Every structure is written in C-alpha cells, then in structure tokens.
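First comes the structure, then the notes that go with it.
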Amino acid sequence: MNEIMVIAKKEFMDNWRNKWIIALTIIFASLTLIASYFGTRGGVGWKEAGITIAVMMSITQILISIIGLMLGYATIVGEKNDGSLLLLLSYPVSRREIIIGKYLGLGAVLIVATVFGFGIAGIVIAINAGINIAQYLLFIVASIMLGLAYLSIAMFISCIVKKRSTAIGTAIFVWFLFVLIWSIIIQGMLFATGHMEFKESNYLQIEGKEYAKINIDFDAKSIAYGNNTVFLLGNKIYTYDLINKNFSILSSLNDTYEQISYGDEKLFLLGKKLLIFDLKNKETHILNFSGNDLVYGKGKLYILVEKQVIIYNVLTGNTSFLNLPQKFEKIAYGKNKLFIGKEGKLLEYDLITNESLTYILDTTIQDLEYCNNSLLIISRWEGYSLTCGDGLIFSLKRESKLIMKYPDWYYITDFFNPIRSYGGLLAINIQPVKEVVERLYEAPPSFYNSYSLSLSMFLWIIIPLMASIYIFNRKDI
Amino acid sequence: MIEIRNLRKEYDGTIAVNGISFKVERGEIFALLGPNGAGKTTTIKAILGLINYEGEILIDGKPVNKETRKFIGYLPEKVAFYDNLTALQTLEFFAGLKGLQNVDFLEILKEVGLEKDANRKVGEFSKGMLQRLGLAQCMIGNPKLLILDEPTTGLDAVGAYEIRKKIKELNKKGVTILLCSHILSEVQELSHRVAIMNKGKIIAIDTVENLSKKLDLKPKLRIELQHPSMRIYNLVKEMKAVEDVKMEDKILEIKCFPHAKISIMNAIEQAGGKIVDFKMVEPTLEEIFIKMVKEDE
C-alpha cells in the first residue's frame, strides 16, 4: 500500500508539471467560458451553466479523451524505452503496485485538471449568469469518469506495445475509433443483424408550468393555441383538449393548408388559399390569399408573402400592405409589434411608430412565437411548429428513435457517447424569460440517470486496468 | 552472496544465457566481462528478478523477492529518471519504495558531487550528472549488494575516476559488488574476480592473475634503444627464450619467458646496442579477453 502511494505521488508530481497537461487545463477553462459566452444557442452574452453544459458536452468528449489518452499512453512503454522502468522494477515494488500507483497518480492529475478547468469556468459563469451547482457537479463527475476510462485504456495500450511511437499511433486510433466512429460501427452492426430499427414519430411537447410529451399518430404540420385547446393542422384540423387531455377531430378539409393561427375564437389556415374557421358557429370562409406564414393580432391578420406583409382586417375586410427589405419566412405578433424572421435574421417592426430594428441571429428559424414579453424561436433541430399561451409553450417535434430489440445492448452503443447534447427550446431575450430557460434545460441528459451506463463506465475503467496488470506481470523487461 | 545455478534464458528462440553457474562471494568485486550480446545484462536482469528464467538464483541463500531487493542497489547501463522531478525528489521517491524514512539525501548527493544540483530538475541534467545520480540512488539505504552495469559509460576521465574511487570505497566498507563493464582496464583495476562471458556461456572465471597464467600469457619486455638496427632485431629474434619480437621506431617489444630478460639485455649490449630504457609489461585483461573469446569460437 505504501509503495502504491509512493508511486502515485511521484506520478502526480512528474505529470502535473507536464506542459501539455497545463495547456489542456487552460484550454478546458477557456472553452467552457467561450462556450458560455458565445454558445451557439441564443446569441452572445453570459448563459447560465445549463446551456453551457449542453454546448460543452461535445467539446468535453473530445478533449477529456485526449487528456486521458495522453496521460497514459507512454506511462509503461515510455519508461521501458528510456530505461527508467528497469531501475524502478529493481526496487522492492511489485508490478501490480506500479500499475495501480501510476493509475492513481495519473488519475489524480486528470481529476485536478478537470476540476480546475471546469471549476474556474463554473465560478465565472456563476458570478455572471447563475449556476445549478448539483447539475454542474454531475457534469464534472461524468467528465472525470469518462477521462478515467480513457486513461485506463491508455495504460493498457502502454502495457501491450513495444515502442512509444506504436503507443501514440494506437492511442490516436483508439481515440478516432471511440470518439468518432464507434457508435456508427456498433449501430451499423445492430442494424445489419436486425437488433435495431429506426422509427420516426411525432409528438406534441408541452412545457412551462407543466411538462408533457404526447405522441401523435397523425401527421401534423402546424399548431395554434386558444381556449385551453391546442389546434393541430394536418389533413384535418385536430384538437387537443388541455383539460380532458384528449385528441379529437374538429373538421375535415377539402384543400391542403400549411399554417394555422388562432385569434378571437377563429382559426386561420393558410395554404394556397386562406381559410377562416369560426369556432362559435363552425362556419368557414375561403379567401384568395396565399403566403408563407400568418399571425393574428388585435383584429388583424398579418400574412407574410416573401417580401411583403398583407394586413387583412378581419372585421372590415380591408387590406393594406407592408413592404419588407428582403424575403422572410416566419412572422409573429406581440404588443403592437411584428417579428419577422428567416435564418440568421430577425426584423422587429413597430406598427405604431413604423420603426424597425434588425437583429442578427445565430440560429435557423423553424417557427416564431411571441409570448410573455419574449420572442420564442424554435430552430430546425428542435421542432417544426411552436405556439404558446397561459404560461405554456407547445411545440410539435419529430423524434427519430433507434429502437433496440434487446435493451441490454444499450450501453454498448451509448458508452462512448455518454455525454450527449440534448435539445429544447431556446428563448432570446427581448425581455429575459429566465424562468422558461431554466425549466427547459433542467432535464439532465440520459447518461446521469442511466444505471447501466454508469456500470459500463466503471467496467471500462476496471477491465483495461486488470488486463494491464495481467500483461505487465507476464512480460520480461 | 549471489549463487547462480544453471541459469538459462531464451528470447523468442534465441538463447541469451545458456546454462551458466557462478557464485559471487560476500565482500568481493566480481566482474562480468564479455562482448555485446554475450548475455551479461540478461544475467543481471535475472538476478534482479526482472525476467522469467530457468535455473536457480539465490541471494543470501534465498530466492529474489521484495525483501531481498531492499538491500540491493542497482545501476542500469542506461540510467533514466523522471524529467520533472528534482534530484532530491528522485531520491525521496526511491527511498520511499524501499520504505525508508529520515534518509540524509543531501549527504548522498554530496558523496556523488551533486549537492549543488539537489533542487534542479533531472530533465536538465547532463549524462554525467545522471550517472552520478544513478550511483546516488543505488546507495540509498546502505545496500549490501551493488549491481553496476557499465557504471562509467558516458563519463569524462575525472568522472570515471571518481566513480571507480567510490566503488572501491564502498567495497572497503564491505559492500559486495557485481560489475559489468566493457572497459577492461576498469575491470582489471577494480575487480577481484572476473567471469568472461561469450554467447551466453561463461568461458572462464577466475582472478585476472590466474586467468593470465592459465592462458600462458607471457609478459612483454619493452626496450628502448638509442640506435635501433635490423642486426639487433635479428639477434634478439634468434634467441631461444624469445617467442616473438616487434620493432616500432626505437622500441623493441619482446615476448619472452620472464627469466630470459637479463640475458636478452646482455646480448643487446654485447652486440653494441645502447639501451635507453626498459620495462616489463604484464599481460592485460584485453589480451586475456580477446584470446578467450577467440579460443571459444
């Protein structure tokens, strides 16, 4: 035991001053801060840690694996090549003690580097934007576990190869294999052997004061909300009653429509024509308007047709036009303002002063919606239609699911991608809606909850380590 | 101190050591000598228990284990340490492995002349300094047995001299030393007994003196003449007691029976040759070594 600690201490002192490790720690901290400040979701500015974690996950997976492999790949073969191992082994210390001692020492370097790197960033984020400490700590622990698994694999490499250069090559190969192509290979194998199949399904997600994910078995293109009811537009108009929590068909349609909007107990459907459906007397009117998107606000219907907004007064039937500087795709209304967007760009138009402001966005816009003094944007990745009301956000999403026929296989496919980013809505701040942001990112990634993943991670640490001891014990020096 | 019986080691079909046996007595300096690939380092590795082998090796009557290693000091041929540790930290580390505390590391560093570099990183050390630190580490805990593999390689003349002095000093204190060296003069100077190895076998094992006697190596008489001539050369060459003569510049190198040297010198004087100087040259280990290896082949 004493010998193990002596070796661990030496290993720590020898490697902690390694320039590469210091450099990687600095990169760690900087990337976390950069991700927090410039994170791709929601524009520039300090984000609270939840968003940062989502962005950091992919970076971590790449970086921590490199740190683990770099710390370990040369530890045995390097000492063997330069001769120091020969001397070490002449001392009263067993090979098992050397492996365990080295692992502990190098593991400590990895832990310190990770905690230090993420810790500094965490403090800065906490000061600037607030932080969910438990979640952030979990993230650090998960990162460390992943790093320790790679360290264990690196030590195994170090025990089986004869030259340092071979060890580097093998480590690079392992990194490439596990970080980049592992899941592709395994999933390909599972597909080929029929263990896995691909399934697409649509669902309605409700978020806010409550959270629900409701599968829908019909095709829905667009949604609108009003009167405790979600209206879903497909080949028919469907409704989802929030009180009774059930679907029903409101009306069938003779034509194809793409967009739906709600206002003053009326539904407005836009396709090659405009259909107005009165919810009180179930009457329909069809008008000769067509366009990309529409929104209802204070008795008026705003129809976006590329470079123009047609303003149709629902009561009087009067029409006026608003010209836009360029083509847009989506429109939203709130507090006498129009918000008109397309990928990368948002125009805010004040209907009273006729002034307009332009924002640059770093996201695609699949749909826009104004609510609670905030403009919500759903990006192409997150879903395809968005609406809100009564403190709730409704979005239509499509889920591509890999269905595993044998659940035991899960951990194999997921192991080397345990830290995944997870989606959700994003809110840009016209006025901050922090409450919404927090709610959306609270759900931890599946890794944290998965018992089998934790177990597999543990095995990935133990097995290569045991194999290292076994091989090292049998080898001549 | 060390007893080796029928040690045999094969690496992937190549026999590195082929059934050797020898004993190193307590308190002696024993040298292993042999060309590259003779099996010296393999023998050392086997003694230290770093490789699997056939045969039996006992240290103080016991097989090598953790306990016996505590009183062995080892200096490998290629000394390497950990670049980011200082000399002091390096010694602390090795002392820790031997379970030693309260070791006066500065004193050890002083003994090898590194006291000023105690807090420098080993990565900045020169080859000579590394070799000194190597010697320092094997002195930790006052070992009873030192195994030194080429202890003076890479050192300048002064450094090599100091290390040889240190080895003698340690031996005088009672430390048994197993030495491996290519430098024959070093072995000749230091060791009590020599084992000559070639192709995995010990071809001779004895004191340097006895080895030369066994091989019938004759000392040489070197005579410096004032006016060397072919006449004198031929005269000496034809004498009965003379085995061989070489003439180089003014020097006659005569291989002969020791008792014939006076008569040879008399004969030269009588023939009119003027002797400026003369000396007897004892056979060197190099000659023994070359002869042994040649005979073996």
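Each chain in the structure tokens gets a letter, A, B and so on, in the order shown; residues start at 1 in every chain, and ligands are counted from 1 in the order they appear.
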Could the residues of chain B that have an atom at most 8 Å from chain A be listed as a Markdown table, each with its closest atom pair and the distance in Å to one decimal, counting only C-alpha atoms and ordered by chain and ascending residue number?
| residue | atom | partner | partner_atom | distance |
| --- | --- | --- | --- | --- |
| B:Leu48 | CA | A:Ser90 | CA | 5.9 |
| B:Gly49 | CA | A:Ser90 | CA | 7.7 |
| B:Leu50 | CA | A:Ile477 | CA | 6.2 |
| B:Ile51 | CA | A:Asp476 | CA | 4.6 |
| B:Asn52 | CA | A:Asp476 | CA | 6.5 |
| B:Asn65 | CA | A:Pro92 | CA | 7.6 |
| B:Lys66 | CA | A:Pro92 | CA | 4.5 |
| B:Glu67 | CA | A:Pro92 | CA | 6.8 |
| B:Thr68 | CA | A:Pro92 | CA | 8.0 |
| B:Arg69 | CA | A:Pro92 | CA | 5.2 |
| B:Lys70 | CA | A:Pro92 | CA | 5.9 |
| B:Tyr74 | CA | A:Ser90 | CA | 6.8 |
| B:Leu75 | CA | A:Leu87 | CA | 7.2 |
| B:Pro76 | CA | A:Leu87 | CA | 6.5 |
| B:Lys78 | CA | A:Gly83 | CA | 6.0 |
| B:Val79 | CA | A:Gly83 | CA | 6.4 |
| B:Ala80 | CA | A:Ser84 | CA | 4.7 |
| B:Phe81 | CA | A:Ser84 | CA | 5.5 |
| B:Tyr82 | CA | A:Asp14 | CA | 6.6 |
| B:Asp83 | CA | A:Asp14 | CA | 7.1 |
| B:Asn84 | CA | A:Asp14 | CA | 4.9 |
| B:Leu85 | CA | A:Asp14 | CA | 5.9 |
| B:Phe93 | CA | A:Val6 | CA | 6.5 |
| B:Phe94 | CA | A:Tyr91 | CA | 7.7 |
| B:Gly96 | CA | A:Val6 | CA | 6.1 |
| B:Leu97 | CA | A:Glu3 | CA | 5.5 |
| B:Lys98 | CA | A:Pro92 | CA | 6.1 |
| B:Gly99 | CA | A:Glu3 | CA | 7.7 |
> Near Ile214 of chain A, counting only C-alpha atoms, which residues have an atom at most 12 Å away, once you skip same-chain residues fewer than 6 positions from it, shown as an MDAnalysis selection string?
Replying inline: chainID A and resid 201:207 240 242 245:247 394:399
With only C-alpha atoms as the counted atoms, please give the residues lying no more than 7 Å from Lys266 of chain A, apart from itself and same-chain residues fewer than 6 positions off, as a short mmCIF file (atom, residue, chain, number, x, y, z; two decimals) with N, CA and C atoms, in the first residue's frame.
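Contents of around_8.cif, as written:
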data_model
loop_
_atom_site.label_atom_id
_atom_site.label_comp_id
_atom_site.auth_asym_id
_atom_site.auth_seq_id
_atom_site.Cartn_x
_atom_site.Cartn_y
_atom_site.Cartn_z
N ILE A 276 -60.89 30.73 -43.15
CA ILE A 276 -61.21 31.24 -41.81
C ILE A 276 -62.31 30.36 -41.24
N PHE A 277 -62.00 29.77 -40.08
CA PHE A 277 -62.93 28.84 -39.46
C PHE A 277 -63.44 29.46 -38.17
N ASP A 278 -64.74 29.71 -38.11
CA ASP A 278 -65.32 30.31 -36.92
C ASP A 278 -65.64 29.21 -35.92
N LEU A 279 -65.06 29.28 -34.76
CA LEU A 279 -65.22 28.20 -33.78
C LEU A 279 -66.60 28.23 -33.11
#
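Interatomic distance, atom CA of Asn288 of chain A against atom CA of Ile377 of chain A: 28.9 Å.
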> Residues at most 10 Å from Glu186 of chain B, counting only C-alpha atoms, excluding those fewer than 2 positions away in the same chain, as an NGL selection string?
Replying inline: :B and (31 or 150-152 or 160-161 or 164 or 179 or 181-184 or 188-191 or 285)
Could you please take those selected residues and save C-alpha atoms as a compact mmCIF listing (two decimals), in the first residue's frame?
# COMPACT_ATOMS: atom_id res chain seq x y z
CA ALA B 31 33.12 -8.54 -12.84
CA GLU B 150 28.66 -0.17 -17.10
CA PRO B 151 28.97 2.38 -14.29
CA THR B 152 31.36 4.75 -16.06
CA ALA B 160 35.06 7.88 -14.28
CA TYR B 161 37.96 8.10 -11.85
CA ARG B 164 35.86 3.99 -9.57
CA LEU B 179 30.22 -5.18 -12.01
CA SER B 181 31.87 -3.42 -17.93
CA HIS B 182 33.30 -3.08 -21.38
CA ILE B 183 36.21 -1.10 -20.11
CA LEU B 184 38.79 -3.77 -19.49
CA GLN B 188 41.32 -5.04 -14.18
CA GLU B 189 41.68 -2.20 -11.73
CA LEU B 190 38.59 -2.87 -9.69
CA SER B 191 37.64 -6.48 -9.68
CA LEU B 285 42.81 -8.22 -19.49
> For Cys180 of chain B, which residue out of B:Glu77, B:Glu248, B:Glu28, B:Glu209 is the nearest one, using only C-alpha atoms?
Replying inline: B:Glu77
>> For Gly122 of chain A, find every residue with an atom within 9 Å (counting only C-alpha atoms), except residues of its own chain fewer than 4 positions away, and show them as a PyMOL selection string.
In response: chain A and resi 29+32-33+49+117-118+126-127+131+133+136
Just the selected residues (C-alpha atoms), exported as a short mmCIF file (atom, residue, chain, number, x, y, z; two decimals), in the first residue's frame, please.
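And here's again_9.cif as it stands now:
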data_model
loop_
_atom_site.label_atom_id
_atom_site.label_comp_id
_atom_site.auth_asym_id
_atom_site.auth_seq_id
_atom_site.Cartn_x
_atom_site.Cartn_y
_atom_site.Cartn_z
CA ALA A 29 -11.31 26.51 -18.78
CA THR A 32 -16.06 26.42 -21.06
CA LEU A 33 -16.01 30.19 -20.81
CA ALA A 49 -24.48 26.84 -16.88
CA GLY A 117 -10.58 23.72 -15.66
CA PHE A 118 -14.31 23.43 -15.18
CA ALA A 126 -21.95 31.52 -11.52
CA ILE A 127 -20.99 35.15 -10.99
CA ILE A 131 -25.48 28.14 -11.97
CA ILE A 133 -24.49 23.60 -8.74
CA TYR A 136 -22.72 21.31 -12.90
#
> Can you list every residue in segment 159-293 of chain B that DSSP puts in strand (DSSP E or B), as a ChimeraX atom specification?
Replying inline: /B:176-180,193-198,201-206,220-225,242-248,251-256,275-281
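Distance check against Ser126 of chain B using only C-alpha atoms: of B:Val293, B:Leu146, B:Leu155, B:Val281, the minimum falls on B:Leu155.
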Quick one: residues within 10 Å of Ala267 of chain B, only C-alpha atoms, excluding same-chain residues fewer than 6 positions away - as a JSON list (two decimals) with C-alpha atoms, in the first residue's frame?
[["chain", "number", "residue", "atom", "x", "y", "z"],
["B", 232, "ILE", "CA", 69.98, -6.27, -33.16],
["B", 235, "LEU", "CA", 69.92, -11.16, -32.98],
["B", 236, "VAL", "CA", 67.07, -10.99, -30.46],
["B", 239, "MET", "CA", 67.45, -16.20, -29.21],
["B", 261, "LYS", "CA", 65.08, -10.88, -19.80],
["B", 273, "GLY", "CA", 73.18, -1.73, -28.85]]
> Asp293 of chain A: which residues within 10 Å, counting only C-alpha atoms, same-chain residues fewer than 5 positions away excluded, as a PyMOL selection string?
Replying inline: chain A and resi 258-261+269-271+302-306+309+328-332+340+367-368
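For the choices B:Gly113, B:Asn198, B:Ile140, B:Gly37, the atom-to-atom distance to Phe289 of chain B is smallest for B:Asn198 when using only C-alpha atoms.
Of note, atom CA of Thr41 of chain B and atom CA of Thr153 of chain B are spaced 14.7 Å apart.
You will find atom CA of Ile76 of chain A at 23.4 Å from atom CA of Ile147 of chain B.
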